[in-house]
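Text of input-v9.cif (mmCIF, C-alpha atoms) as supplied:
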```
data_query
loop_
_atom_site.group_PDB
_atom_site.id
_atom_site.type_symbol
_atom_site.label_atom_id
_atom_site.label_comp_id
_atom_site.auth_asym_id
_atom_site.auth_seq_id
_atom_site.Cartn_x
_atom_site.Cartn_y
_atom_site.Cartn_z
ATOM 1 C CA MET A 1 14.038 -20.199 21.562
ATOM 2 C CA ILE A 2 13.531 -16.692 20.120
ATOM 3 C CA LYS A 3 15.880 -15.137 22.673
ATOM 4 C CA ASN A 4 18.584 -17.696 21.907
ATOM 5 C CA LEU A 5 18.132 -17.118 18.177
ATOM 6 C CA LEU A 6 18.513 -13.354 18.595
ATOM 7 C CA LEU A 7 21.645 -13.680 20.708
ATOM 8 C CA THR A 8 23.309 -16.217 18.425
ATOM 9 C CA ILE A 9 22.790 -14.387 15.145
ATOM 10 C CA ALA A 10 23.384 -10.933 16.676
ATOM 11 C CA LEU A 11 26.920 -12.012 17.591
ATOM 12 C CA VAL A 12 27.612 -12.822 13.958
ATOM 13 C CA LEU A 13 25.951 -9.690 12.632
ATOM 14 C CA SER A 14 27.771 -7.356 15.016
ATOM 15 C CA ILE A 15 30.761 -7.318 12.656
ATOM 16 C CA ALA A 16 28.769 -6.738 9.475
ATOM 17 C CA VAL A 17 25.672 -4.574 10.015
ATOM 18 C CA GLN A 18 25.826 -0.844 9.352
ATOM 19 C CA ALA A 19 24.441 1.921 11.589
ATOM 20 C CA GLN A 20 21.012 1.622 10.026
ATOM 21 C CA ILE A 21 19.240 -1.178 8.188
ATOM 22 C CA PRO A 22 20.293 -0.734 4.568
ATOM 23 C CA ASN A 23 19.017 -2.375 1.450
ATOM 24 C CA MET A 24 15.456 -3.070 2.587
ATOM 25 C CA SER A 25 14.522 -3.623 -1.053
ATOM 26 C CA PHE A 26 17.279 -6.272 -1.393
ATOM 27 C CA GLU A 27 18.750 -4.718 -4.524
ATOM 28 C CA THR A 28 22.410 -4.891 -3.408
ATOM 29 C CA TRP A 29 24.156 -8.225 -2.735
ATOM 30 C CA THR A 30 27.646 -9.310 -1.711
ATOM 31 C CA THR A 31 29.537 -12.559 -1.129
ATOM 32 C CA THR A 32 29.982 -13.500 2.553
ATOM 33 C CA PRO A 33 31.173 -16.631 4.399
ATOM 34 C CA PHE A 34 27.503 -17.688 4.299
ATOM 35 C CA GLY A 35 27.253 -17.259 0.525
ATOM 36 C CA LEU A 36 25.665 -14.497 -1.556
ATOM 37 C CA GLN A 37 23.722 -12.253 0.844
ATOM 38 C CA PRO A 38 21.793 -8.954 0.668
ATOM 39 C CA VAL A 39 24.046 -6.205 2.032
ATOM 40 C CA GLY A 40 23.290 -5.607 5.723
ATOM 41 C CA TRP A 41 21.428 -8.907 6.183
ATOM 42 C CA LEU A 42 22.346 -12.443 7.206
ATOM 43 C CA GLY A 43 20.495 -15.540 6.079
ATOM 44 C CA ILE A 44 20.790 -19.286 6.383
ATOM 45 C CA THR A 45 19.638 -21.093 3.201
ATOM 46 C CA VAL A 46 18.684 -17.878 1.367
ATOM 47 C CA ASN A 47 19.345 -16.884 -2.224
ATOM 48 C CA GLN A 48 18.943 -14.013 -4.652
ATOM 49 C CA GLN A 49 16.095 -13.919 -7.154
ATOM 50 C CA THR A 50 16.347 -11.621 -10.175
ATOM 51 C CA THR A 51 13.141 -12.461 -12.046
ATOM 52 C CA GLY A 52 9.697 -11.253 -10.975
ATOM 53 C CA ALA A 53 10.632 -8.836 -8.187
ATOM 54 C CA GLN A 54 7.777 -6.888 -6.614
ATOM 55 C CA GLN A 55 9.638 -3.763 -7.698
ATOM 56 C CA GLY A 56 13.195 -3.292 -8.900
ATOM 57 C CA THR A 57 15.352 -6.200 -10.030
ATOM 58 C CA SER A 58 16.034 -8.402 -6.977
ATOM 59 C CA TYR A 59 14.353 -9.956 -3.981
ATOM 60 C CA VAL A 60 15.309 -12.506 -1.336
ATOM 61 C CA ARG A 61 14.159 -16.141 -1.201
ATOM 62 C CA ILE A 62 14.301 -18.092 2.082
ATOM 63 C CA ILE A 63 14.084 -21.880 1.722
ATOM 64 C CA THR A 64 13.711 -24.786 4.145
ATOM 65 C CA THR A 65 16.370 -27.347 3.210
ATOM 66 C CA SER A 66 16.264 -29.857 6.064
ATOM 67 C CA THR A 67 13.905 -31.258 8.687
ATOM 68 C CA SER A 68 16.749 -32.360 10.942
ATOM 69 C CA SER A 69 19.316 -29.550 10.699
ATOM 70 C CA PRO A 70 19.884 -26.962 13.457
ATOM 71 C CA ALA A 71 16.978 -24.682 14.262
ATOM 72 C CA TYR A 72 18.417 -21.874 12.145
ATOM 73 C CA ASP A 73 17.735 -23.507 8.772
ATOM 74 C CA GLY A 74 15.496 -21.197 6.744
ATOM 75 C CA VAL A 75 16.059 -18.029 8.796
ATOM 76 C CA PHE A 76 16.793 -14.463 7.617
ATOM 77 C CA TYR A 77 17.819 -11.720 9.995
ATOM 78 C CA ALA A 78 18.929 -8.112 10.472
ATOM 79 C CA THR A 79 19.648 -6.011 13.535
ATOM 80 C CA SER A 80 20.525 -2.343 13.504
ATOM 81 C CA ASN A 81 20.617 0.920 15.393
ATOM 82 C CA ILE A 82 17.869 3.410 14.591
ATOM 83 C CA THR A 83 19.448 6.784 13.840
ATOM 84 C CA PRO A 84 18.268 10.265 12.776
ATOM 85 C CA THR A 85 19.405 9.421 9.226
ATOM 86 C CA MET A 86 17.193 6.367 9.021
ATOM 87 C CA ALA A 87 14.594 7.944 6.727
ATOM 88 C CA THR A 88 16.003 7.650 3.224
ATOM 89 C CA SER A 89 13.581 10.228 1.809
ATOM 90 C CA GLY A 90 15.438 12.940 3.741
ATOM 91 C CA VAL A 91 12.795 13.315 6.471
ATOM 92 C CA PRO A 92 14.549 13.115 9.879
ATOM 93 C CA TYR A 93 13.604 10.158 12.055
ATOM 94 C CA THR A 94 11.785 11.801 14.954
ATOM 95 C CA GLN A 95 8.901 9.401 15.623
ATOM 96 C CA ARG A 96 8.508 5.783 16.589
ATOM 97 C CA PRO A 97 7.658 3.164 13.954
ATOM 98 C CA VAL A 98 4.020 2.126 13.896
ATOM 99 C CA SER A 99 4.697 -0.978 11.844
ATOM 100 C CA LEU A 100 7.099 -2.887 9.640
ATOM 101 C CA ASN A 101 5.581 -3.319 6.181
ATOM 102 C CA GLY A 102 6.571 -5.255 3.092
ATOM 103 C CA PHE A 103 5.597 -7.712 0.386
ATOM 104 C CA TYR A 104 5.763 -11.512 0.351
ATOM 105 C CA LYS A 105 5.042 -14.668 -1.642
ATOM 106 C CA THR A 106 5.117 -18.308 -0.537
ATOM 107 C CA SER A 107 5.414 -21.716 -2.184
ATOM 108 C CA GLY A 108 6.060 -25.329 -1.266
ATOM 109 C CA LEU A 109 4.187 -25.162 2.055
ATOM 110 C CA GLY A 110 2.664 -28.425 3.208
ATOM 111 C CA VAL A 111 -0.269 -28.985 5.537
ATOM 112 C CA GLY A 112 0.490 -27.363 8.902
ATOM 113 C CA ASP A 113 3.540 -25.452 7.653
ATOM 114 C CA THR A 114 3.952 -21.817 8.719
ATOM 115 C CA VAL A 115 6.231 -19.002 7.558
ATOM 116 C CA GLN A 116 6.527 -15.791 9.514
ATOM 117 C CA VAL A 117 8.076 -12.348 9.986
ATOM 118 C CA TYR A 118 8.905 -11.120 13.482
ATOM 119 C CA SER A 119 10.325 -7.848 14.857
ATOM 120 C CA LEU A 120 11.455 -6.278 18.127
ATOM 121 C CA LEU A 121 12.331 -2.693 19.110
ATOM 122 C CA LEU A 122 14.757 -2.006 21.968
ATOM 123 C CA GLU A 123 16.336 0.948 23.766
ATOM 124 C CA THR A 124 19.804 0.398 25.311
ATOM 125 C CA GLY A 125 19.056 -3.316 25.380
ATOM 126 C CA ASN A 126 15.621 -2.994 27.016
ATOM 127 C CA LEU A 127 12.509 -4.152 25.205
ATOM 128 C CA VAL A 128 10.406 -1.194 24.039
ATOM 129 C CA ALA A 129 7.992 -2.797 21.569
ATOM 130 C CA ILE A 130 7.054 -6.182 20.139
ATOM 131 C CA GLY A 131 5.757 -6.567 16.616
ATOM 132 C CA THR A 132 2.631 -8.666 16.128
ATOM 133 C CA THR A 133 4.129 -11.612 14.256
ATOM 134 C CA PHE A 134 2.939 -12.009 10.670
ATOM 135 C CA TYR A 135 2.035 -15.632 9.847
ATOM 136 C CA GLU A 136 1.171 -17.343 6.580
ATOM 137 C CA THR A 137 0.081 -20.992 6.275
ATOM 138 C CA ASN A 138 -0.994 -21.023 2.623
ATOM 139 C CA ASN A 139 0.856 -20.911 -0.689
ATOM 140 C CA VAL A 140 0.513 -17.331 -1.979
ATOM 141 C CA PRO A 141 1.823 -17.048 -5.573
ATOM 142 C CA VAL A 142 1.154 -13.300 -6.030
ATOM 143 C CA TRP A 143 3.068 -10.486 -4.306
ATOM 144 C CA THR A 144 0.932 -9.535 -1.319
ATOM 145 C CA SER A 145 1.488 -6.806 1.250
ATOM 146 C CA PHE A 146 1.943 -7.582 4.938
ATOM 147 C CA SER A 147 2.243 -5.508 8.096
ATOM 148 C CA VAL A 148 3.818 -6.162 11.490
ATOM 149 C CA PRO A 149 2.262 -3.577 13.873
ATOM 150 C CA TYR A 150 4.295 -2.676 16.964
ATOM 151 C CA SER A 151 2.853 -2.750 20.504
ATOM 152 C CA TYR A 152 4.797 -0.413 22.824
ATOM 153 C CA PHE A 153 5.500 -1.121 26.487
ATOM 154 C CA SER A 154 7.543 2.006 27.202
ATOM 155 C CA VAL A 155 7.525 5.750 26.543
ATOM 156 C CA LEU A 156 11.166 5.467 25.438
ATOM 157 C CA ASN A 157 12.052 5.852 21.787
ATOM 158 C CA PRO A 158 13.742 2.708 20.438
ATOM 159 C CA ASP A 159 17.336 2.780 19.255
ATOM 160 C CA THR A 160 17.590 -0.766 17.915
ATOM 161 C CA VAL A 161 15.403 -2.887 15.663
ATOM 162 C CA HIS A 162 15.533 -6.655 15.098
ATOM 163 C CA ILE A 163 13.824 -8.254 12.082
ATOM 164 C CA ILE A 164 13.582 -12.019 11.654
ATOM 165 C CA ALA A 165 11.891 -13.844 8.765
ATOM 166 C CA SER A 166 11.667 -17.603 8.497
ATOM 167 C CA SER A 167 10.539 -20.261 6.051
ATOM 168 C CA ASN A 168 11.014 -22.946 8.699
ATOM 169 C CA GLU A 169 8.901 -22.958 11.845
ATOM 170 C CA GLN A 170 11.531 -24.898 13.772
ATOM 171 C CA CYS A 171 13.506 -21.690 14.325
ATOM 172 C CA PHE A 172 10.592 -20.536 16.509
ATOM 173 C CA GLY A 173 10.344 -23.840 18.369
ATOM 174 C CA GLY A 174 7.759 -25.486 16.091
ATOM 175 C CA GLY A 175 7.784 -27.407 12.865
ATOM 176 C CA PRO A 176 9.915 -28.258 11.080
ATOM 177 C CA ASN A 177 8.337 -27.223 7.803
ATOM 178 C CA ALA A 178 8.513 -29.496 4.787
ATOM 179 C CA ILE A 179 11.698 -29.342 2.708
ATOM 180 C CA GLY A 180 11.159 -26.765 -0.024
ATOM 181 C CA SER A 181 8.912 -24.450 2.015
ATOM 182 C CA THR A 182 9.727 -21.033 0.603
ATOM 183 C CA LEU A 183 9.194 -17.431 1.718
ATOM 184 C CA ASP A 184 9.980 -14.606 -0.733
ATOM 185 C CA LEU A 185 10.361 -11.040 0.594
ATOM 186 C CA ASP A 186 10.734 -7.654 -1.085
ATOM 187 C CA ASN A 187 10.582 -3.941 -0.290
ATOM 188 C CA LEU A 188 10.438 -3.824 3.507
ATOM 189 C CA SER A 189 9.721 -0.417 5.052
ATOM 190 C CA PHE A 190 8.820 1.286 8.328
ATOM 191 C CA MET A 191 5.626 3.285 8.780
ATOM 192 C CA LEU A 192 5.959 6.122 11.273
ATOM 193 C CA THR A 193 3.288 7.606 13.517
ATOM 194 C CA THR A 194 2.627 10.216 10.856
ATOM 195 C CA ARG A 195 1.154 7.364 8.797
ATOM 196 C CA VAL A 196 3.540 8.341 6.021
ATOM 197 C CA ASP A 197 5.903 5.625 4.844
ATOM 198 C CA VAL A 198 9.218 7.464 4.581
ATOM 199 C CA MET A 199 11.339 4.324 4.311
ATOM 200 C CA SER A 200 9.759 2.851 1.194
ATOM 201 C CA VAL A 201 12.395 2.050 -1.390
ATOM 202 C CA GLY A 202 11.177 1.243 -4.927
ATOM 203 C CA THR A 203 7.717 0.157 -3.754
ATOM 204 C CA ALA A 204 5.058 0.074 -6.467
ATOM 205 C CA PHE A 205 2.139 0.383 -4.044
ATOM 206 C CA MET A 206 1.582 1.519 -0.479
ATOM 207 C CA VAL A 207 -1.767 1.324 1.292
ATOM 208 C CA TYR A 208 -2.182 3.193 4.573
ATOM 209 C CA PRO A 209 -3.191 3.527 7.346
ATOM 210 C CA ASN A 210 -4.082 -0.008 8.399
ATOM 211 C CA PRO A 211 -6.229 -0.183 10.465
ATOM 212 C CA ALA A 212 -8.102 2.832 9.127
ATOM 213 C CA SER A 213 -11.058 4.813 10.469
ATOM 214 C CA SER A 214 -12.094 7.542 8.031
ATOM 215 C CA GLU A 215 -10.009 7.098 4.891
ATOM 216 C CA LEU A 216 -7.670 4.691 3.141
ATOM 217 C CA ASN A 217 -4.873 5.996 0.931
ATOM 218 C CA VAL A 218 -3.411 4.079 -1.989
ATOM 219 C CA VAL A 219 -0.145 5.287 -3.485
ATOM 220 C CA SER A 220 0.632 3.728 -6.869
ATOM 221 C CA LYS A 221 3.863 4.018 -8.811
ATOM 222 C CA ASP A 222 2.691 1.456 -11.369
ATOM 223 C CA GLU A 223 1.331 3.250 -14.445
ATOM 224 C CA THR A 224 -0.630 0.152 -15.509
ATOM 225 C CA ALA A 225 -2.805 0.210 -12.367
ATOM 226 C CA THR A 226 -6.344 1.368 -13.157
ATOM 227 C CA THR A 227 -8.757 0.130 -10.482
ATOM 228 C CA ILE A 228 -9.006 -0.661 -6.781
ATOM 229 C CA SER A 229 -11.612 -3.333 -6.019
ATOM 230 C CA ILE A 230 -12.937 -3.663 -2.438
ATOM 231 C CA ILE A 231 -14.387 -6.998 -1.259
ATOM 232 C CA ASP A 232 -16.208 -7.681 2.020
ATOM 233 C CA VAL A 233 -15.911 -10.815 4.185
ATOM 234 C CA THR A 234 -18.617 -12.603 2.176
ATOM 235 C CA GLY A 235 -16.597 -12.250 -1.010
ATOM 236 C CA ARG A 236 -18.901 -9.610 -2.490
ATOM 237 C CA THR A 237 -17.377 -6.692 -4.381
ATOM 238 C CA ILE A 238 -18.763 -3.603 -2.658
ATOM 239 C CA ASP A 239 -16.772 -0.830 -4.295
ATOM 240 C CA GLU A 240 -14.503 -0.104 -7.254
ATOM 241 C CA ILE A 241 -12.416 3.042 -7.392
ATOM 242 C CA SER A 242 -10.561 4.341 -10.444
ATOM 243 C CA ILE A 243 -6.864 5.147 -10.093
ATOM 244 C CA GLU A 244 -6.356 8.466 -11.841
ATOM 245 C CA ASN A 245 -3.438 9.928 -9.889
ATOM 246 C CA GLU A 246 -0.426 8.603 -8.015
ATOM 247 C CA LYS A 247 -2.376 8.921 -4.743
ATOM 248 C CA THR A 248 -5.981 7.770 -4.433
ATOM 249 C CA ARG A 249 -8.086 8.546 -1.359
ATOM 250 C CA ILE A 250 -10.909 6.155 -0.448
ATOM 251 C CA ASP A 251 -13.618 7.596 1.808
ATOM 252 C CA LEU A 252 -14.556 4.974 4.433
ATOM 253 C CA GLU A 253 -17.611 6.781 5.811
ATOM 254 C CA LYS A 254 -19.999 4.199 4.328
ATOM 255 C CA TYR A 255 -17.880 1.228 5.437
ATOM 256 C CA ALA A 256 -18.837 -0.611 8.617
ATOM 257 C CA SER A 257 -16.108 -1.697 11.028
ATOM 258 C CA GLY A 258 -14.564 -4.975 9.939
ATOM 259 C CA ILE A 259 -12.014 -6.645 7.686
ATOM 260 C CA TYR A 260 -12.017 -6.035 3.933
ATOM 261 C CA SER A 261 -9.929 -7.284 1.037
ATOM 262 C CA TYR A 262 -8.688 -5.158 -1.817
ATOM 263 C CA SER A 263 -7.232 -5.901 -5.226
ATOM 264 C CA ILE A 264 -5.354 -3.434 -7.412
ATOM 265 C CA LEU A 265 -6.060 -4.261 -11.066
ATOM 266 C CA ASN A 266 -4.766 -3.249 -14.466
ATOM 267 C CA SER A 267 -6.896 -2.597 -17.565
ATOM 268 C CA ASP A 268 -7.049 -6.340 -18.312
ATOM 269 C CA ARG A 269 -8.392 -6.972 -14.798
ATOM 270 C CA SER A 270 -5.190 -8.797 -13.861
ATOM 271 C CA ILE A 271 -4.311 -8.522 -10.160
ATOM 272 C CA LEU A 272 -1.212 -6.419 -9.486
ATOM 273 C CA LEU A 273 -1.557 -6.555 -5.699
ATOM 274 C CA LYS A 274 -4.045 -8.007 -3.250
ATOM 275 C CA SER A 275 -4.252 -7.811 0.510
ATOM 276 C CA LYS A 276 -6.543 -6.885 3.419
ATOM 277 C CA PHE A 277 -7.243 -3.849 5.553
ATOM 278 C CA THR A 278 -9.251 -3.247 8.706
ATOM 279 C CA VAL A 279 -11.812 -0.520 9.287
ATOM 280 C CA SER A 280 -12.011 0.436 12.959
ATOM 281 C CA LYS A 281 -14.447 3.180 14.024
#
```
What is this structure when it is put down as C-alpha cells?
Amino acid sequence: MIKNLLLTIALVLSIAVQAQIPNMSFETWTTTPFGLQPVGWLGITVNQQTTGAQQGTSYVRIITTSTSSPAYDGVFYATSNITPTMATSGVPYTQRPVSLNGFYKTSGLGVGDTVQVYSLLLETGNLVAIGTTFYETNNVPVWTSFSVPYSYFSVLNPDTVHIIASSNEQCFGGGPNAIGSTLDLDNLSFMLTTRVDVMSVGTAFMVYPNPASSELNVVSKDETATTISIIDVTGRTIDEISIENEKTRIDLEKYASGIYSYSILNSDRSILLKSKFTVSK
C-alpha cells in the first residue's frame, strides 16, 4: 500500500515540486487543480489555517472526509531532491539528516483512530533510510513537537526525501478513521548529524538532541517563555529550569536513562509547548 501510494502521488508531484522541499513552515500557498495548497506540497482534503499557527501566520490542516472514498483521502505529501542548497540558514548540506522534526495538533479522533507522519530517504531510487513512523491516537489540542528519526541501511548519502502525513489510516492499509479526524502540522525541519537544526523556519522552540545522553538544549524564540518543567514517568516534576537566554542548556548528569516529559511555560504557568525526550546513557 505505501509503495503504491508513493508511486501514484509522485507522478502527480513530478510536474510541481521544486529542487528542494520549500515552504516547510506552510506560509506560502497557491491555487492548484486540487484546491488551495502549500507551495511545493500536494494534499487530498487539506486546507489552510490562518489562526493559531505554531509560529508565523499559517499552517496546514489534513482532514478525513470519507470512510468509503479512495485510500488517498486525508493524505499530505511532498517529494524532493536533496541538494547542497537545502539548508536555508546558509550552511551547506554536507551531512545526512538524523530526523524529520515538526509540530502537530489533532482533533476529532475516535476510538482506534490513528494519524501519522512517515518519511523515506533514497539515493538514485534506492532506499537509503526509513523514518520511524510517528503515530498519534489521542486528541492533542496544544502544539506538540514530534520527531521521525531515520534508520540508515546504506553508507550512501540520500538525494531524495519523501514525506507523507495522514489523518486517515486507510492510506496506510488500515482504518478508515472517523470522518472529521484532523491532523494539523506546522514548521517541519530536518536535523543533521551535527545535532543543529539548520532547516528550522520560524520555529518558536527547538529541543535537541533527542535521544540525549549528557545534555539537552532548548532554543526559544518566544520572549514570553520563562520556565522549562521536567516530569518523570510517574508524573512527578523533578526539575524546573529558568529560561534566561535564547539557548538554555540542561545538564542530564543526574538523570537516569528513560523517558521524560517537558513543558515550556510562560509567567502565568500556561503551557507554550509540551513533549517528551529520551535520556540514553
Residues of segment 148-182 of chain A that approach segment 110-132 of chain A to 6 Å or less, counting only C-alpha atoms: could you list each one with the shortest pair of atoms and its distance in Å to one decimal, rows by chain and increasing residue number, as a tab-separated table?
```
residue	atom	partner	partner_atom	distance
A:Val148	CA	A:Thr132	CA	5.4
A:Pro149	CA	A:Gly131	CA	5.4
A:Tyr150	CA	A:Gly131	CA	4.2
A:Ser151	CA	A:Ala129	CA	5.2
A:Tyr152	CA	A:Ala129	CA	4.2
A:Phe153	CA	A:Val128	CA	5.5
A:Ser154	CA	A:Val128	CA	5.3
A:Pro158	CA	A:Glu123	CA	4.6
A:Asp159	CA	A:Glu123	CA	5.0
A:Thr160	CA	A:Leu122	CA	5.1
A:Val161	CA	A:Leu121	CA	4.6
A:His162	CA	A:Leu120	CA	5.1
A:Ile163	CA	A:Ser119	CA	4.5
A:Ile164	CA	A:Tyr118	CA	5.1
A:Ala165	CA	A:Val117	CA	4.3
A:Ser166	CA	A:Gln116	CA	5.5
A:Ser167	CA	A:Val115	CA	4.7
A:Glu169	CA	A:Thr114	CA	6.0
A:Asn177	CA	A:Asp113	CA	5.1
```
Residue by residue, what does the PyMOL selection byres ((chain A and resi 272) around 10) grab here? Present the result as a list in words.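 The output of the PyMOL selection byres ((chain A and resi 272) around 10) on this file is Gln54, Val142, Trp143, Thr144, Ala204, Phe205, Asp222, Thr224, Ala225, Ser263, Ile264, Leu265, Asn266, Arg269, Ser270, Ile271, Leu273 and Lys274 of chain A.
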With segment 22-26 of chain A as the partner and 7 Å as the cut-off, tabulate the residues of segment 151-259 of chain A that qualify, each row holding the nearest pair of atoms and their distance in Å to one decimal, using only C-alpha atoms, sorted by chain and rising number, as a Markdown table.
```
| residue | atom | partner | partner_atom | distance |
| --- | --- | --- | --- | --- |
| A:Asp186 | CA | A:Ser25 | CA | 5.5 |
| A:Asn187 | CA | A:Ser25 | CA | 4.0 |
| A:Leu188 | CA | A:Met24 | CA | 5.2 |
| A:Ser189 | CA | A:Met24 | CA | 6.8 |
| A:Val201 | CA | A:Ser25 | CA | 6.1 |
```
Discussion item. Selection in question (the file shown): the PyMOL selection byres ((chain A and resi 249-251) around 10). Which residues does it include, as a PyMOL selection string?
Written reply: chain A and resi 207-208+213-219+228+239-241+243+245+247-248+252-255
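For the pair atom CA of Thr30 of chain A and atom CA of Gln48 of chain A, the separation is 10.3 Å.
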_Near-Asn168 of chain A list (10 Å; all atoms listed in the file; drop same-chain fewer than 2 positions) as JSON, numbers by chain_ = {"A": [62, 63, 64, 65, 66, 67, 71, 72, 73, 74, 75, 109, 113, 114, 115, 116, 165, 166, 170, 171, 172, 173, 174, 175, 176, 177, 178, 179, 180, 181, 182, 183]}
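Atom CA of Val39 of chain A to atom CA of Ala78 of chain A spans 10.1 Å [interatomic distance, one decimal].
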Exercise: Thr278 of chain A partners within 8 Å, only C-alpha atoms, chain neighbours under 3 positions left out, as a PyMOL selection string
chain A and resi 210-212+257-260
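Remark: for Glu246 of chain A, the closest of the candidate residues A:Lys105, A:Met206, A:Ile44, A:Ser80 is A:Met206 (distances computed over all atoms listed in the file).
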Given the PyMOL selection byres ((chain A and resi 147) around 8), the residues it picks as a PDB file with C-alpha atoms, in the frame of the given file:
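Once written, selection-v4.pdb looks like this:
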```pdb
ATOM      1  CA  SER A  99       4.697  -0.978  11.844  1.00  0.00           C
ATOM      2  CA  LEU A 100       7.099  -2.887   9.640  1.00  0.00           C
ATOM      3  CA  ASN A 101       5.581  -3.319   6.181  1.00  0.00           C
ATOM      4  CA  GLY A 102       6.571  -5.255   3.092  1.00  0.00           C
ATOM      5  CA  PHE A 134       2.939 -12.009  10.670  1.00  0.00           C
ATOM      6  CA  SER A 145       1.488  -6.806   1.250  1.00  0.00           C
ATOM      7  CA  PHE A 146       1.943  -7.582   4.938  1.00  0.00           C
ATOM      8  CA  VAL A 148       3.818  -6.162  11.490  1.00  0.00           C
ATOM      9  CA  PRO A 149       2.262  -3.577  13.873  1.00  0.00           C
TER      10      PRO A 149
END
```
Between atom CA of Tyr77 of chain A and atom CA of Thr57 of chain A lies a distance of 20.9 Å
Kindly compute an axis-aligned box around the listed atoms of segment 234-252 of chain A, allowing 4 Å on each side, and express its centre and edge lengths in Å to one decimal as lines of an AutoDock Vina configuration file.
```
center_x = -9.7
center_y = -1.3
center_z = -3.7
size_x = 26.5
size_y = 30.5
size_z = 24.3
```
Using all atoms listed in the file, the residue out of A:Ser220, A:Ser280, A:Thr226, A:Thr234 with shortest distance to Ser261 of chain A is A:Thr234
Note to self: Please list as a ChimeraX atom specification every residue within 12 Å of Leu36 of chain A, counting all atoms listed in the file and excluding residues in the same chain fewer than 5 positions away.
What the structure shows: /A:26,28-31,41-49,60-61
Since the input is missing atoms, can you rebuild N, CA and C atoms for segment 236-250 of chain A and write them as an mmCIF file, in the frame of the given file?
```cif
data_model
loop_
_atom_site.group_PDB
_atom_site.id
_atom_site.type_symbol
_atom_site.label_atom_id
_atom_site.label_comp_id
_atom_site.auth_asym_id
_atom_site.auth_seq_id
_atom_site.Cartn_x
_atom_site.Cartn_y
_atom_site.Cartn_z
ATOM 1 N N ARG A 236 -18.152 -10.478 -1.580
ATOM 2 C CA ARG A 236 -18.901 -9.610 -2.490
ATOM 3 C C ARG A 236 -18.117 -8.330 -2.757
ATOM 4 N N THR A 237 -18.012 -7.953 -4.023
ATOM 5 C CA THR A 237 -17.377 -6.692 -4.381
ATOM 6 C C THR A 237 -18.316 -5.551 -4.039
ATOM 7 N N ILE A 238 -17.879 -4.671 -3.135
ATOM 8 C CA ILE A 238 -18.763 -3.603 -2.658
ATOM 9 C C ILE A 238 -18.376 -2.234 -3.199
ATOM 10 N N ASP A 239 -17.191 -2.137 -3.801
ATOM 11 C CA ASP A 239 -16.772 -0.830 -4.295
ATOM 12 C C ASP A 239 -15.661 -1.021 -5.321
ATOM 13 N N GLU A 240 -15.611 -0.146 -6.310
ATOM 14 C CA GLU A 240 -14.503 -0.104 -7.254
ATOM 15 C C GLU A 240 -14.142 1.357 -7.487
ATOM 16 N N ILE A 241 -12.876 1.662 -7.317
ATOM 17 C CA ILE A 241 -12.416 3.042 -7.392
ATOM 18 C C ILE A 241 -11.379 3.150 -8.504
ATOM 19 N N SER A 242 -11.516 4.128 -9.359
ATOM 20 C CA SER A 242 -10.561 4.341 -10.444
ATOM 21 C C SER A 242 -9.291 4.991 -9.917
ATOM 22 N N ILE A 243 -8.152 4.538 -10.421
ATOM 23 C CA ILE A 243 -6.864 5.147 -10.093
ATOM 24 C C ILE A 243 -6.540 6.145 -11.195
ATOM 25 N N GLU A 244 -6.600 7.421 -10.853
ATOM 26 C CA GLU A 244 -6.356 8.466 -11.841
ATOM 27 C C GLU A 244 -5.100 9.266 -11.546
ATOM 28 N N ASN A 245 -4.650 9.212 -10.297
ATOM 29 C CA ASN A 245 -3.438 9.928 -9.889
ATOM 30 C C ASN A 245 -2.552 8.979 -9.102
ATOM 31 N N GLU A 246 -1.344 9.445 -8.780
ATOM 32 C CA GLU A 246 -0.426 8.603 -8.015
ATOM 33 C C GLU A 246 -0.998 8.249 -6.641
ATOM 34 N N LYS A 247 -1.759 9.177 -6.042
ATOM 35 C CA LYS A 247 -2.376 8.921 -4.743
ATOM 36 C C LYS A 247 -3.884 8.942 -4.878
ATOM 37 N N THR A 248 -4.518 7.886 -4.394
ATOM 38 C CA THR A 248 -5.981 7.770 -4.433
ATOM 39 C C THR A 248 -6.510 7.691 -3.011
ATOM 40 N N ARG A 249 -7.475 8.531 -2.692
ATOM 41 C CA ARG A 249 -8.086 8.546 -1.359
ATOM 42 C C ARG A 249 -9.437 7.846 -1.417
ATOM 43 N N ILE A 250 -9.645 6.886 -0.523
ATOM 44 C CA ILE A 250 -10.909 6.155 -0.448
ATOM 45 C C ILE A 250 -11.636 6.572 0.825
#
```
